[in-house]
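All remarks here apply to the structure that follows.
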Amino acid sequence: ASAAGGRQPVALLDAIATAAWPHLADFAPQGLCNLVWASATVGHAPHRLFDSVAAEGTARVAEFNAQDMSNMAWAFAKAGKPAPELFDALAAEVARRGVGGFKPQELANTAWAFAKVAHAAPALFDALSGRSLLSLDAFSPQGLANTAWAYATAGHAAPELFDAIAAEAAPRLSQFKPQELSILAWACAADGAAGSCRGKPSAAPVPLLFDALAAEVARRGVGGFKPQEL
C-alpha cells in the first residue's frame with residue numbers, strides 16, 4: 001500500500017523483508033510478486049529478498065497467472081536484478097501455456113522486462129508480438145512506446161509489430177507524454193525500421209510516424225522535454 005501510494009517506506013520494507021524471508025514457501029504467488037513489486041517501485045531492492053524470491057518463483061512458476069508472471073519479471077527488471085534462472089523459468093512457462101491470458105499491460109511489461117535485463121528469449125518475444133498485434137488498440141501510450149523500445153533494445157526483428165505500432169500510435173500522439181514520444185522515436189530509429197515506422201499506404205493513408213511526431217512536437221513545444229528526451 002505504501003509503495004502504491006508513492007511513499008518511500010524503506011525501513012518498513014526492510015522489516016517486512018526480514019519477517020517474510022523465512023516463510024516465502026507459505027506465500028501465494030501474488031504475495032511473492034507483491035513483495036518484490038513494492039520494493040522495486042520505491043527503488044529499494046534488498047539482495048537477500050530478491051535472491052530468495054527468485055529461487056522460490058523459479059520453483060513455483062507453474063502456479064503463477066499471467067499477471068503474476070508479468071509483475072515478477074517487471075519487478076526484477078526495474079530493480080536491476082537479472083535473475084537468469086527465474087527469467088528462463090518464466091520464458092519456459094510462457095512457451096508451455098501461451099500468452100492468450102495476457103492483458104495489454106502485461107504483454108508490454110513482460111517484453112520491457114526481458115529487454116531491460118537483456119535476457120534472450122526469442123520464442124517469448126515472438127509469442128508476445130503475435131498476441132500484441134491482436135490488441136494494440138487497447139494499449140496505453142506508455143504500453144505502445146515500451147513495447148517498441150523492448151523489441152528495439154532486444155534486437156528482435158518484428159516488422160509487422162512495428163508497422164502496427166506506427167499505425168496505432170500516429171493518430172494518438174496527442175495522448176503521449178514527452179517521454180513516450182521520445183521513446184517511440186528512439187525505438188523506431190534504433191530498430192532501423194525505416195519502412196515499419198513510416199506506416200503503410202491504405203485507403204485512408206496512415207501519416208508517416210516521424211512526420212506525425214514532428215507535428216505533435218511543433219504543436220505542443222518542447223518545454224516539457226527533459227534533456228535525455230530532447
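Chain labels A, B, ... are given in the sequence in which chains occur in the C-alpha cells; within each chain residues are numbered consecutively from 1, and ligands are likewise numbered from 1 in the order shown.
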
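Residues surrounding Ala127 (chain A) within 10 Å are Val94, Ala95, Gly98, Val99, Gly100 and Leu107 of chain A [only C-alpha atoms; sequence separation below 6 positions excluded].
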
Open item on the list: Which residues are close to Leu173 (chain A), i.e. within 8 Å by only C-alpha atoms, leaving aside same-chain residues fewer than 4 positions away? Reply as a PyMOL selection string.
Closed with: chain A and resi 141+169+181+212-213+216

Keeping only C-alpha atoms, write those residues as a short mmCIF file (atom, residue, chain, number, x, y, z; two decimals), in the first residue's frame.
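Generated file (again-v9.cif):
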data_model
loop_
_atom_site.label_atom_id
_atom_site.label_comp_id
_atom_site.auth_asym_id
_atom_site.auth_seq_id
_atom_site.Cartn_x
_atom_site.Cartn_y
_atom_site.Cartn_z
CA PRO A 141 0.61 5.23 -24.98
CA ALA A 169 0.34 5.48 -32.39
CA LEU A 181 7.15 10.43 -27.77
CA ALA A 212 3.30 12.90 -37.04
CA LEU A 213 5.81 13.06 -34.18
CA GLU A 216 2.90 16.94 -32.44
#

- [ ] Determine, counting only C-alpha atoms, which protein, DNA and RNA residues have an atom within 8 Å of an atom of Ser70 (chain A); residues of the same chain fewer than 2 positions away are not included. Present the result as a VMD selection string.
- [x] chain A and resid 66 to 68 72 to 74 106 to 107 109 to 110

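Using only C-alpha atoms, the nearest neighbour of Asp88 (chain A) within the list A:Leu144, A:Ala118, A:Ala75, A:Leu134 is A:Ala118.
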
Open item on the list: Considering only helix (DSSP H, G or I) as DSSP defines it on the backbone, what residues of region 110-220 of chain A qualify? List them as JSON, numbers by chain.
Closed with: {"A": [110, 111, 112, 113, 114, 115, 116, 122, 123, 124, 125, 126, 127, 128, 129, 130, 131, 132, 136, 137, 138, 141, 142, 143, 144, 145, 146, 147, 148, 149, 150, 151, 152, 153, 154, 159, 160, 161, 162, 163, 164, 165, 166, 167, 168, 169, 170, 171, 172, 173, 174, 175, 178, 179, 180, 181, 182, 183, 184, 185, 186, 187, 188, 189, 190, 191, 196, 197, 198, 209, 210, 211, 212, 213, 214, 215, 216, 217, 218, 219, 220]}

Task: Contacts of region 50-59 of chain A within 10 Å, only C-alpha atoms, excl. fewer than 5 positions in-chain, as an MDAnalysis selection string - done: chainID A and resid 17 21:22 24:25 27 29 32:33 35:36 39:40 45 64 68:69 72:73 75:76 79 81:90

Might you pull out every residue within 6 Å of Ala154 (chain A), with only C-alpha atoms counted and same-chain residues fewer than 3 positions away left off, and present them as a CSV table (one decimal) with all heavy atoms, in the first residue's frame?
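The resulting file, out.csv, is shown below:
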chain,number,residue,atom,x,y,z
A,115,ALA,N,13.7,-7.3,-22.1
A,115,ALA,CA,14.7,-6.5,-22.8
A,115,ALA,C,15.5,-5.7,-21.8
A,115,ALA,O,16.7,-5.5,-22.1
A,115,ALA,CB,13.9,-5.5,-23.7
A,150,ALA,N,11.2,-2.2,-26.2
A,150,ALA,CA,11.7,-3.5,-25.9
A,150,ALA,C,12.2,-4.3,-27.1
A,150,ALA,O,13.2,-4.9,-27.0
A,150,ALA,CB,10.5,-4.3,-25.2
A,151,TYR,N,11.5,-4.2,-28.2
A,151,TYR,CA,11.9,-5.0,-29.4
A,151,TYR,C,13.1,-4.4,-30.0
A,151,TYR,O,14.0,-5.1,-30.5
A,151,TYR,CB,10.7,-5.1,-30.4
A,151,TYR,CG,9.8,-6.2,-30.0
A,151,TYR,CD1,8.8,-6.0,-29.0
A,151,TYR,CD2,9.8,-7.5,-30.5
A,151,TYR,CE1,7.9,-7.0,-28.5
A,151,TYR,CE2,9.0,-8.5,-30.1
A,151,TYR,CZ,8.0,-8.2,-29.1
A,151,TYR,OH,7.2,-9.3,-28.7
